[in-house]
>>> print(open('data-v6.cif').read())   # mmCIF, C-alpha atoms; chains and numbers go by the auth columns
data_data
loop_
_atom_site.group_PDB
_atom_site.id
_atom_site.type_symbol
_atom_site.label_atom_id
_atom_site.label_comp_id
_atom_site.label_asym_id
_atom_site.label_seq_id
_atom_site.Cartn_x
_atom_site.Cartn_y
_atom_site.Cartn_z
_atom_site.B_iso_or_equiv
_atom_site.auth_seq_id
_atom_site.auth_asym_id
ATOM 1 C CA MET A 1 0.000 0.000 0.000 0.00 1031 D
ATOM 2 C CA GLU A 2 1.420 3.322 -1.041 0.00 1032 D
ATOM 3 C CA ARG A 3 -1.379 5.847 -0.598 0.00 1033 D
ATOM 4 C CA ALA A 4 -2.565 7.455 2.611 0.00 1034 D
ATOM 5 C CA LEU A 5 -6.184 7.672 1.419 0.00 1035 D
ATOM 6 C CA ILE A 6 -8.397 5.186 -0.357 0.00 1036 D
ATOM 7 C CA LEU A 7 -11.735 6.688 -1.420 0.00 1037 D
ATOM 8 C CA ILE A 8 -14.606 4.399 -2.366 0.00 1038 D
ATOM 9 C CA SER A 9 -17.531 6.461 -3.585 0.00 1039 D
ATOM 10 C CA ALA A 10 -20.679 4.900 -5.060 0.00 1040 D
ATOM 11 C CA PRO A 11 -24.465 5.106 -4.663 0.00 1041 D
ATOM 12 C CA VAL A 12 -26.353 3.134 -2.036 0.00 1042 D
ATOM 13 C CA GLY A 13 -26.455 -0.612 -2.648 0.00 1043 D
ATOM 14 C CA PHE A 14 -23.323 -0.834 -4.798 0.00 1044 D
ATOM 15 C CA GLY A 15 -21.446 -2.976 -2.248 0.00 1045 D
ATOM 16 C CA LYS A 16 -18.886 -0.557 -0.810 0.00 1046 D
ATOM 17 C CA SER A 17 -18.990 -2.027 2.688 0.00 1047 D
ATOM 18 C CA THR A 18 -19.062 -5.600 1.387 0.00 1048 D
ATOM 19 C CA LEU A 19 -16.069 -4.933 -0.858 0.00 1049 D
ATOM 20 C CA LEU A 20 -14.077 -3.477 2.036 0.00 1050 D
ATOM 21 C CA SER A 21 -15.095 -6.230 4.416 0.00 1051 D
ATOM 22 C CA ASP A 22 -14.088 -8.943 1.933 0.00 1052 D
ATOM 23 C CA TRP A 23 -10.794 -7.190 1.151 0.00 1053 D
ATOM 24 C CA LEU A 24 -9.862 -6.872 4.822 0.00 1054 D
ATOM 25 C CA ALA A 25 -10.904 -10.458 5.571 0.00 1055 D
ATOM 26 C CA SER A 26 -8.655 -11.763 2.798 0.00 1056 D
ATOM 27 C CA SER A 27 -5.649 -9.620 3.690 0.00 1057 D
ATOM 28 C CA ALA A 28 -3.261 -9.780 6.604 0.00 1058 D
ATOM 29 C CA ILE A 29 -3.429 -6.028 7.171 0.00 1059 D
ATOM 30 C CA PRO A 30 -4.691 -5.014 10.632 0.00 1060 D
ATOM 31 C CA ALA A 31 -7.690 -2.708 10.508 0.00 1061 D
ATOM 32 C CA ALA A 32 -10.148 -0.721 12.572 0.00 1062 D
ATOM 33 C CA TRP A 33 -13.639 0.094 11.320 0.00 1063 D
ATOM 34 C CA LEU A 34 -16.022 2.896 12.262 0.00 1064 D
ATOM 35 C CA SER A 35 -19.531 2.933 10.778 0.00 1065 D
ATOM 36 C CA LEU A 36 -20.771 6.501 10.950 0.00 1066 D
ATOM 37 C CA GLU A 37 -24.291 7.730 11.711 0.00 1067 D
ATOM 38 C CA PRO A 38 -25.829 11.217 11.361 0.00 1068 D
ATOM 39 C CA GLN A 39 -25.471 11.714 15.144 0.00 1069 D
ATOM 40 C CA ASP A 40 -21.688 11.504 14.717 0.00 1070 D
ATOM 41 C CA ASN A 41 -21.647 15.074 13.346 0.00 1071 D
ATOM 42 C CA GLU A 42 -21.001 16.338 16.864 0.00 1072 D
ATOM 43 C CA PRO A 43 -17.195 16.762 17.075 0.00 1073 D
ATOM 44 C CA ALA A 44 -16.697 15.348 20.592 0.00 1074 D
ATOM 45 C CA ARG A 45 -18.795 12.290 19.767 0.00 1075 D
ATOM 46 C CA PHE A 46 -16.971 11.804 16.448 0.00 1076 D
ATOM 47 C CA LEU A 47 -13.559 11.971 18.130 0.00 1077 D
ATOM 48 C CA SER A 48 -14.643 9.698 20.953 0.00 1078 D
ATOM 49 C CA TYR A 49 -15.820 7.028 18.489 0.00 1079 D
ATOM 50 C CA LEU A 50 -12.770 7.536 16.279 0.00 1080 D
ATOM 51 C CA LEU A 51 -10.485 6.934 19.251 0.00 1081 D
ATOM 52 C CA ALA A 52 -12.529 3.931 20.411 0.00 1082 D
ATOM 53 C CA ALA A 53 -12.247 2.370 16.947 0.00 1083 D
ATOM 54 C CA LEU A 54 -8.500 3.011 16.814 0.00 1084 D
ATOM 55 C CA GLN A 55 -8.209 1.460 20.261 0.00 1085 D
ATOM 56 C CA THR A 56 -9.130 -1.892 18.690 0.00 1086 D
ATOM 57 C CA TYR A 57 -5.800 -1.576 16.849 0.00 1087 D
ATOM 58 C CA ASP A 58 -3.802 -0.287 19.807 0.00 1088 D
ATOM 59 C CA PRO A 59 -5.456 -0.237 23.263 0.00 1089 D
ATOM 60 C CA HIS A 60 -3.020 2.415 24.500 0.00 1090 D
ATOM 61 C CA LEU A 61 -4.497 5.022 22.165 0.00 1091 D
ATOM 62 C CA GLY A 62 -7.552 5.195 24.420 0.00 1092 D
ATOM 63 C CA THR A 63 -5.697 7.216 27.034 0.00 1093 D
ATOM 64 C CA ILE A 64 -6.469 10.394 25.080 0.00 1094 D
ATOM 65 C CA ARG A 65 -10.174 9.574 25.149 0.00 1095 D
ATOM 66 C CA GLN A 66 -10.331 10.264 28.868 0.00 1096 D
ATOM 67 C CA THR A 67 -9.657 13.954 28.225 0.00 1097 D
ATOM 68 C CA LEU A 68 -12.896 14.263 26.254 0.00 1098 D
ATOM 69 C CA HIS A 69 -14.950 13.720 29.410 0.00 1099 D
ATOM 70 C CA HIS A 70 -13.212 16.411 31.440 0.00 1100 D
ATOM 71 C CA GLN A 71 -12.156 19.640 29.799 0.00 1101 D
ATOM 72 C CA PRO A 72 -12.272 18.930 26.061 0.00 1102 D
ATOM 73 C CA PRO A 73 -9.184 20.149 24.178 0.00 1103 D
ATOM 74 C CA SER A 74 -9.403 21.338 20.591 0.00 1104 D
ATOM 75 C CA MET A 75 -9.764 18.780 17.810 0.00 1105 D
ATOM 76 C CA GLU A 76 -6.362 19.784 16.469 0.00 1106 D
ATOM 77 C CA THR A 77 -4.772 19.119 19.861 0.00 1107 D
ATOM 78 C CA ILE A 78 -6.368 15.691 20.140 0.00 1108 D
ATOM 79 C CA LEU A 79 -5.429 14.770 16.581 0.00 1109 D
ATOM 80 C CA THR A 80 -1.857 15.952 17.090 0.00 1110 D
ATOM 81 C CA VAL A 81 -1.549 13.798 20.212 0.00 1111 D
ATOM 82 C CA LEU A 82 -3.159 10.884 18.365 0.00 1112 D
ATOM 83 C CA ILE A 83 -0.813 11.215 15.379 0.00 1113 D
ATOM 84 C CA ASN A 84 2.220 11.408 17.667 0.00 1114 D
ATOM 85 C CA ASP A 85 0.921 8.400 19.576 0.00 1115 D
ATOM 86 C CA LEU A 86 0.480 6.407 16.365 0.00 1116 D
ATOM 87 C CA LEU A 87 3.963 7.345 15.211 0.00 1117 D
ATOM 88 C CA THR A 88 5.698 6.394 18.451 0.00 1118 D
ATOM 89 C CA ARG A 89 3.702 3.284 19.315 0.00 1119 D
ATOM 90 C CA LYS A 90 4.045 1.641 15.928 0.00 1120 D
ATOM 91 C CA ALA A 91 7.381 3.091 14.818 0.00 1121 D
ATOM 92 C CA THR A 92 9.241 -0.124 15.460 0.00 1122 D
ATOM 93 C CA ALA A 93 6.648 -2.466 13.974 0.00 1123 D
ATOM 94 C CA GLN A 94 6.340 -0.677 10.635 0.00 1124 D
ATOM 95 C CA GLU A 95 3.223 -2.727 9.955 0.00 1125 D
ATOM 96 C CA HIS A 96 0.655 -1.210 7.659 0.00 1126 D
ATOM 97 C CA PHE A 97 -2.677 -0.441 9.238 0.00 1127 D
ATOM 98 C CA VAL A 98 -6.040 0.436 7.668 0.00 1128 D
ATOM 99 C CA PHE A 99 -8.664 2.635 9.306 0.00 1129 D
ATOM 100 C CA VAL A 100 -12.089 2.523 7.639 0.00 1130 D
ATOM 101 C CA LEU A 101 -14.661 5.281 8.011 0.00 1131 D
ATOM 102 C CA ASP A 102 -17.843 3.804 6.537 0.00 1132 D
ATOM 103 C CA ASN A 103 -20.850 5.951 5.534 0.00 1133 D
ATOM 104 C CA TYR A 104 -18.777 9.138 5.545 0.00 1134 D
ATOM 105 C CA GLN A 105 -21.526 10.904 3.559 0.00 1135 D
ATOM 106 C CA VAL A 106 -23.451 11.401 6.826 0.00 1136 D
ATOM 107 C CA ILE A 107 -20.742 13.757 8.101 0.00 1137 D
ATOM 108 C CA THR A 108 -21.680 17.333 7.262 0.00 1138 D
ATOM 109 C CA ASN A 109 -19.895 19.204 10.047 0.00 1139 D
ATOM 110 C CA GLU A 110 -17.134 21.372 8.553 0.00 1140 D
ATOM 111 C CA CYS A 111 -15.108 21.101 11.760 0.00 1141 D
ATOM 112 C CA ILE A 112 -14.948 17.319 11.320 0.00 1142 D
ATOM 113 C CA HIS A 113 -13.996 17.650 7.637 0.00 1143 D
ATOM 114 C CA GLN A 114 -11.170 20.001 8.635 0.00 1144 D
ATOM 115 C CA ALA A 115 -10.038 17.606 11.361 0.00 1145 D
ATOM 116 C CA LEU A 116 -9.975 14.725 8.899 0.00 1146 D
ATOM 117 C CA SER A 117 -7.996 16.843 6.414 0.00 1147 D
ATOM 118 C CA PHE A 118 -5.524 17.623 9.203 0.00 1148 D
ATOM 119 C CA LEU A 119 -5.249 13.922 10.029 0.00 1149 D
ATOM 120 C CA LEU A 120 -4.630 13.080 6.360 0.00 1150 D
ATOM 121 C CA GLU A 121 -1.897 15.712 6.075 0.00 1151 D
ATOM 122 C CA HIS A 122 -0.060 14.238 9.063 0.00 1152 D
ATOM 123 C CA LEU A 123 -0.916 10.565 8.763 0.00 1153 D
ATOM 124 C CA PRO A 124 1.904 8.207 9.754 0.00 1154 D
ATOM 125 C CA PRO A 125 3.336 6.425 6.694 0.00 1155 D
ATOM 126 C CA HIS A 126 2.165 3.005 7.877 0.00 1156 D
ATOM 127 C CA MET A 127 -1.464 4.119 8.359 0.00 1157 D
ATOM 128 C CA HIS A 128 -4.004 4.215 5.543 0.00 1158 D
ATOM 129 C CA LEU A 129 -7.420 5.854 5.760 0.00 1159 D
ATOM 130 C CA VAL A 130 -10.310 4.367 3.779 0.00 1160 D
ATOM 131 C CA LEU A 131 -13.445 6.436 3.249 0.00 1161 D
ATOM 132 C CA ALA A 132 -16.550 4.626 2.030 0.00 1162 D
ATOM 133 C CA THR A 133 -19.179 7.140 0.999 0.00 1163 D
ATOM 134 C CA ARG A 134 -22.159 7.703 -1.283 0.00 1164 D
ATOM 135 C CA GLU A 135 -20.760 11.038 -2.426 0.00 1165 D
ATOM 136 C CA ASP A 136 -17.316 12.541 -2.731 0.00 1166 D
ATOM 137 C CA PRO A 137 -16.305 14.153 0.566 0.00 1167 D
ATOM 138 C CA PRO A 138 -15.653 17.903 0.793 0.00 1168 D
ATOM 139 C CA LEU A 139 -11.998 17.351 1.676 0.00 1169 D
ATOM 140 C CA GLN A 140 -9.027 19.068 0.104 0.00 1170 D
ATOM 141 C CA LEU A 141 -7.304 16.051 -1.380 0.00 1171 D
ATOM 142 C CA ALA A 142 -4.782 17.772 -3.644 0.00 1172 D
#
>>> encode(input="data-v6.cif", output="structure tokens")
Amino acid sequence: MERALILISAPVGFGKSTLLSDWLASSAIPAAWLSLEPQDNEPARFLSYLLAALQTYDPHLGTIRQTLHHQPPSMETILTVLINDLLTRKATAQEHFVFVLDNYQVITNECIHQALSFLLEHLPPHMHLVLATREDPPLQLA
């Protein structure tokens, strides 16, 4: 895998989730999966679920999640800590890792789009983000 982002965009019923599920089941690449719902447009909820999904890959990443329940830091701060955590925790393993965000079309909050763009810009080289969506996301992908 060479790319940081894999975008799968197709109308409802075209098998995006099935394709991804089959691909991950037949590969040896570790993965985390987050199926999004319209309620996930609230930034704190989105980040909490994002961190919980990533914790299935590395349980130590959940330590940041505790800060969301006290005095919530900015999304950029949390993502910076998360990116640094991913870099340091998996630096020696160098194993590729896939993080799937399914149903991304339900996310309409610009703050979340900006946070995801920030994450993509700083993604560790061994991590790959997969977006499954019914419409192209409003992310700056250039």
>>> residues_around(input="data-v6.cif", residues="region 1054-1065 of chain D", least_positions_apart="6", cutoff="10 Å", atoms="all atoms listed in the file", output="list in words")
Met1031, Ser1047, Thr1048, Phe1076, Tyr1079, Leu1080, Leu1081, Ala1082, Ala1083, Leu1084, Gln1085, Thr1086, Tyr1087, Asp1088, Glu1125, His1126, Phe1127, Val1128, Phe1129, Val1130, Leu1131, Asp1132, Asn1133, Tyr1134, Met1157, His1158, Leu1159, Val1160 and Ala1162 of chain D
>>> resolve_selection(input="data-v6.cif", expression="the PyMOL selection byres ((chain D and resi 1135-1138) around 9)", output="number ranges by chain")
D: 1066-1071, 1132-1134, 1139-1143, 1162-1168
>>> atom_distance(input="data-v6.cif", atom1="CA of His1090 (chain D)", atom2="CA of Leu1116 (chain D)")
9.7 Å
>>> closest_residue(input="data-v6.cif", among="D:Leu1109, D:Leu1161, D:Ala1034, D:Leu1153", to="Lys1046 (chain D)", atoms="all atoms listed in the file")
D:Leu1161
>>> resolve_selection(input="data-v6.cif", expression="the PyMOL selection byres ((chain D and resi 1152) around 10)", output="list of chain:residue names")
D:Ala1034, D:Leu1109, D:Thr1110, D:Ile1113, D:Asn1114, D:Leu1146, D:Ser1147, D:Phe1148, D:Leu1149, D:Leu1150, D:Glu1151, D:Leu1153, D:Pro1154, D:Pro1155
>>> atom_distance(input="data-v6.cif", atom1="CA of Ser1104 (chain D)", atom2="CA of Pro1073 (chain D)")
9.7 Å
>>> atom_distance(input="data-v6.cif", atom1="CA of Ala1145 (chain D)", atom2="CA of Glu1106 (chain D)")
6.7 Å
